[in-house]
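One structure is given here, and the rest of the page talks about it.
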Amino acid sequence: MSIDIKDIIKPENLVYQKSRLLTDRVMHYCPGCTHGVVNRLIAEVIEELGIQQDTIGVAPVGCSVLMYNYIEVDWHEAAHGRAPAVGTGIKRLLPNKYVFTYQGDGDLAAIGTAETIHACNRGENMVMIFINNGIYGMTGGQMAPTTLQGMKASTCPFGRDVERDGNPLRMTEIVATLPGTCYVTRHAAHTAAAVRKLKKALFKAFDNQKNNKGTSFVEVVSTCNSGWKMTPVQSNKWMEDNMFPFYPLGDIKDV
Amino acid sequence: MREIRLMKGNEAIAEAAIRCGVDGYFGYPITPQSEIMETLMLEKPWEKTGMVVLQAESEIASINMVYGGAGCGKKVMTTSSSPGVSLMQEGITYLAGAELPCVVVNVVRGGPGLGTIQPAQSDYFQAVKGGGHGDYKLIVLAPSSVQEMADFVELAFDLAFKYRNPAMILSDGMIGQMMEKVEMKPFTPRWTDEEIVQMHPWATTGKPSSRERNIITSVELDANAFERFNHKLQAKYKQIEENEVRSEMFECEDADYLLVAYGSSARICQKAVQLLRAKGIKAGLLRPITLFPFPTKEIQALLGHVKGILSVELSAGQMVEDVRLAVEGKVKVEHFGRLGGVVHSPEEVVEALQSKIIGG
Ligand SMILES: Cc1ncc(C[n+]2csc(CCOP(=O)(O)OP(=O)(O)O)c2C)c(N)n1
Ligand code: SF4
Ligand SMILES: [Mg+2]
């Protein structure tokens, strides 16, 4: 007896549907990577808010450089670290549009530190999404500003040495001190519960733009199983044990 | 009624920007051009035309704000001086790679390094030959009066949008700081958002169901596709070379000797030509107004009677290379110019032509 897929996918059996805003392009992310999950959540949030026509995304340089291939909105691909300045230009000239930036830790917290802090300090009325996987994924696993003490990367093969490399940077705590930010929160995407919470946070962050409240900043503590040289399952465990204590989840600011 | 005003070159840039319907200005203070943003902030164009003016945290940020605004199809610009324009090179090559229009003004000061705040023309290579990485070109306009500072803002935007390419106004501290009378153009309204959607279908204005999404990008990982794109860029530059050369001749018809000079140096050379003619030496001046595209053919057309050429620049000799390329060794070409913020006098130019070309 053969089963026809049509017999299974009936409206009454439907528990989940791919967002209409996600394209059919195969994502280039490694299996197990957090980027793909967050990309999907952003598509869902934009769809559910009904703001596709009015949203402009700013992609970074990093593993999500080609993110514009996946979500059906207008996109601007920025230079490494400059997404907050590009987003500022867009939002200032199109103040009624929804603007979001999406950046890795190298992009947002190393080369783009000045742009990040000043966009948040001016309270640019946009969403900044920060994928903190503690490593430079795209370039092959070098040390990031967020790499934990002792954590190995290709440019600190014996582990991050704080004497030499400085301490890992908690950018989210820094931007929370700035009066320009209205909502600063840290999440993860490694369990169904975490994904649900993250989606709610993204929803709120996008919705804040309606009310001109300032910058909404959402960090996602993430895994890079390729760069970390672990399986996706090991990565999640390692993240819980090592990343979460240093980068604790939860709202830091909500005004 | 004509509106004539006495103003600084830098002020003229600001006033012209408001009047020609610029949507956004992003900048960072640096001498000798800080009056541009200061004038804009005093004029409050956001109340008059809706123009956005924002002081950024750095030139890196200002050019990337321009990048964002340009992607939306808006008329956006930034201004700076040499060290700041060096910082902008990353953004400029992205703008060129993404084929976005914008205007960048460089009120050049002496370099290298922090250099001096005095005028210079030592950023010619940076403006004309690239500056940032990759095979790209800017459209480069060189004003030599306060009137041209005002007029070239609109011209630069026209060319930038015509070719979807960044345009640069390459001025210097002398033109930026000096005061002259300027005839101001009447106000043209800014484009409405609807007009932008019509005129610039590529712009990131928000994706309606009626079109595919617009993506502003300069990345292409397929080498063959990227080669095709690069050829397309080169074809565009060729078209610009064919259509957009602008230059001005002074006493060139019967000239035995030619001075080639742009911007403030051209003003000095005009006086030098008069001094030379008074001495019975038939000298002329060719003033490139566009530095890219360069008036190659215009120089070549004079080679029937011109016996020698002096390229006179406030630099160690940069434009002289383009003059030599145009001349192809047919007559002698030399360079003269003071450096590091020192401005040559007409008498020094006369002396240089006599020693390097006529007697040399
Ligand atoms: C100016 C510049 N410097 C360096 C690079 C090389 N580069 C590309 S992505 C990247 C780091 C990406 O790391 P991250 O921002 O953490 O993103 P991830 O790939 O981990 O998501 C670097 C250094 C570049 N593209 N541009
Ligand atoms: S290298 Fe890391 S960050 Fe990049 S796609 Fe792979 S797992 Fe994700
Ligand atoms: Mg990273």
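By convention in this document, the chains of the structure tokens carry letters A, B, ... by their order, each chain's residues are numbered from 1, and ligands are numbered from 1 in the order they are shown.
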
Open item on the list: Just list as a VMD selection string whatever in region 4-182 of chain A DSSP marks as alpha helix (DSSP H).
Closed with: chain A and resid 5 to 8 34 to 49 83 to 93 105 to 106 113 to 122 162 to 165 171 to 176

For ligand 3, list the contacting residues at 8 Å or closer, counting only C-alpha atoms and all ligand atoms, as a short mmCIF file (atom, residue, chain, number, x, y, z; two decimals) with N, CA and C atoms, in the first residue's frame.
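What follows is the written file part23.cif:
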data_model
loop_
_atom_site.label_atom_id
_atom_site.label_comp_id
_atom_site.auth_asym_id
_atom_site.auth_seq_id
_atom_site.Cartn_x
_atom_site.Cartn_y
_atom_site.Cartn_z
N GLY A 62 29.68 38.21 6.57
CA GLY A 62 29.77 37.12 7.52
C GLY A 62 29.01 35.98 6.87
N CYS A 63 28.75 34.93 7.61
CA CYS A 63 28.07 33.79 6.99
C CYS A 63 26.69 34.15 6.45
N GLY A 104 26.82 39.42 12.50
CA GLY A 104 27.56 38.50 13.35
C GLY A 104 28.38 39.25 14.38
N ASP A 105 29.10 38.49 15.23
CA ASP A 105 29.86 39.14 16.30
C ASP A 105 31.08 39.87 15.78
N GLY A 106 31.74 39.31 14.77
CA GLY A 106 32.88 40.02 14.19
C GLY A 106 32.40 41.33 13.58
N ASP A 107 31.31 41.23 12.85
CA ASP A 107 30.75 42.37 12.14
C ASP A 107 30.29 43.46 13.11
N ILE A 131 23.98 38.04 15.90
CA ILE A 131 24.20 36.59 15.98
C ILE A 131 25.58 36.35 16.59
N ASN A 132 25.58 36.02 17.87
CA ASN A 132 26.83 35.84 18.60
C ASN A 132 27.18 34.35 18.69
N ASN A 133 28.04 33.92 17.75
CA ASN A 133 28.48 32.52 17.80
C ASN A 133 29.93 32.41 18.28
N GLY A 134 30.46 33.51 18.78
CA GLY A 134 31.78 33.48 19.41
C GLY A 134 32.92 33.16 18.47
N ILE A 135 32.69 33.38 17.17
CA ILE A 135 33.73 32.99 16.21
C ILE A 135 33.47 33.67 14.87
N TYR A 136 34.50 33.74 14.06
CA TYR A 136 34.32 34.20 12.68
C TYR A 136 34.00 32.98 11.84
N GLY A 137 32.71 32.75 11.63
CA GLY A 137 32.30 31.56 10.89
C GLY A 137 32.76 31.62 9.45
N MET A 138 32.44 32.71 8.79
CA MET A 138 32.61 32.78 7.35
C MET A 138 34.06 32.60 6.90
N ALA A 144 36.90 35.68 17.56
CA ALA A 144 36.00 36.84 17.48
C ALA A 144 36.15 37.65 18.76
N CYS A 224 28.24 27.67 16.08
CA CYS A 224 28.85 27.54 14.77
C CYS A 224 29.56 26.19 14.82
#

- [ ] Do a neighbour search on Glu244 (chain B) at 8 Å with only C-alpha atoms, toss out local chain neighbours closer than 2 positions, and write the hits as a VMD selection string.
- [x] chain B and resid 240 to 242 246 290 293

Can you write out as JSON lines which residues of region 90-155 of chain A fall within 12 Å of region 185-199 of chain B, alongside each residue's closest atom pair and its distance in Å to one decimal, counting only C-alpha atoms and ordering rows by chain and ascending residue number?
{"residue": "A:Leu93", "atom": "CA", "partner": "B:Asp193", "partner_atom": "CA", "distance": 10.1}
{"residue": "A:Leu94", "atom": "CA", "partner": "B:Asp193", "partner_atom": "CA", "distance": 8.9}
{"residue": "A:Pro95", "atom": "CA", "partner": "B:Asp193", "partner_atom": "CA", "distance": 11.7}
{"residue": "A:Asn96", "atom": "CA", "partner": "B:Asp193", "partner_atom": "CA", "distance": 11.3}
{"residue": "A:Lys97", "atom": "CA", "partner": "B:Asp193", "partner_atom": "CA", "distance": 11.9}

Just-selected residues, C-alpha atoms written as a short mmCIF file (atom, residue, chain, number, x, y, z; two decimals), in the first residue's frame:
data_model
loop_
_atom_site.label_atom_id
_atom_site.label_comp_id
_atom_site.auth_asym_id
_atom_site.auth_seq_id
_atom_site.Cartn_x
_atom_site.Cartn_y
_atom_site.Cartn_z
CA LEU A 93 15.39 58.85 4.47
CA LEU A 94 12.47 56.43 4.69
CA PRO A 95 11.29 56.94 8.28
CA ASN A 96 8.02 55.11 7.70
CA LYS A 97 9.70 51.88 6.64
#

Open item on the list: With 7 Å as the limit and counting only C-alpha atoms, what residues in chain A lie close to chain B? Please list them as a list in words.
Closed with: Gln52, Gln53, Asp54, Thr55, Ile56, Glu72, Val73, Asp74, Trp75, His76, Glu77, Arg82, Ala85, Val86, Gly87, Thr88, Gly89, Ile90, Leu93, Glu115 and His118 of chain A

Based on the selection just made, write C-alpha atoms of those residues as a PDB file, in the first residue's frame.
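The resulting selection.pdb:
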ATOM      1  CA  GLN A  52       6.627  42.910   3.881  1.00  0.00           C
ATOM      2  CA  GLN A  53       5.974  45.940   1.628  1.00  0.00           C
ATOM      3  CA  ASP A  54       7.511  48.262   4.168  1.00  0.00           C
ATOM      4  CA  THR A  55      10.568  46.344   5.316  1.00  0.00           C
ATOM      5  CA  ILE A  56      14.156  46.814   4.223  1.00  0.00           C
ATOM      6  CA  GLU A  72      11.220  38.197   0.260  1.00  0.00           C
ATOM      7  CA  VAL A  73      11.838  41.821   1.172  1.00  0.00           C
ATOM      8  CA  ASP A  74      14.060  44.559  -0.252  1.00  0.00           C
ATOM      9  CA  TRP A  75      17.653  44.173   0.900  1.00  0.00           C
ATOM     10  CA  HIS A  76      20.833  46.157   1.115  1.00  0.00           C
ATOM     11  CA  GLU A  77      24.097  44.253   1.550  1.00  0.00           C
ATOM     12  CA  ARG A  82      28.795  49.028   8.460  1.00  0.00           C
ATOM     13  CA  ALA A  85      25.353  53.142   9.295  1.00  0.00           C
ATOM     14  CA  VAL A  86      23.663  51.794   6.150  1.00  0.00           C
ATOM     15  CA  GLY A  87      20.503  51.173   8.183  1.00  0.00           C
ATOM     16  CA  THR A  88      20.719  54.719   9.543  1.00  0.00           C
ATOM     17  CA  GLY A  89      20.858  56.128   6.020  1.00  0.00           C
ATOM     18  CA  ILE A  90      17.836  54.092   4.966  1.00  0.00           C
ATOM     19  CA  LEU A  93      15.388  58.852   4.467  1.00  0.00           C
ATOM     20  CA  GLU A 115      28.823  52.098  13.966  1.00  0.00           C
ATOM     21  CA  HIS A 118      26.634  55.294  17.649  1.00  0.00           C
TER      22      HIS A 118
END

Task: Contact residues around Lys213 (chain A) with only C-alpha atoms at 9 Å, ignoring same-chain residues under 6 positions, as an MDAnalysis selection string - done: chainID A and resid 123:125 180:183 255
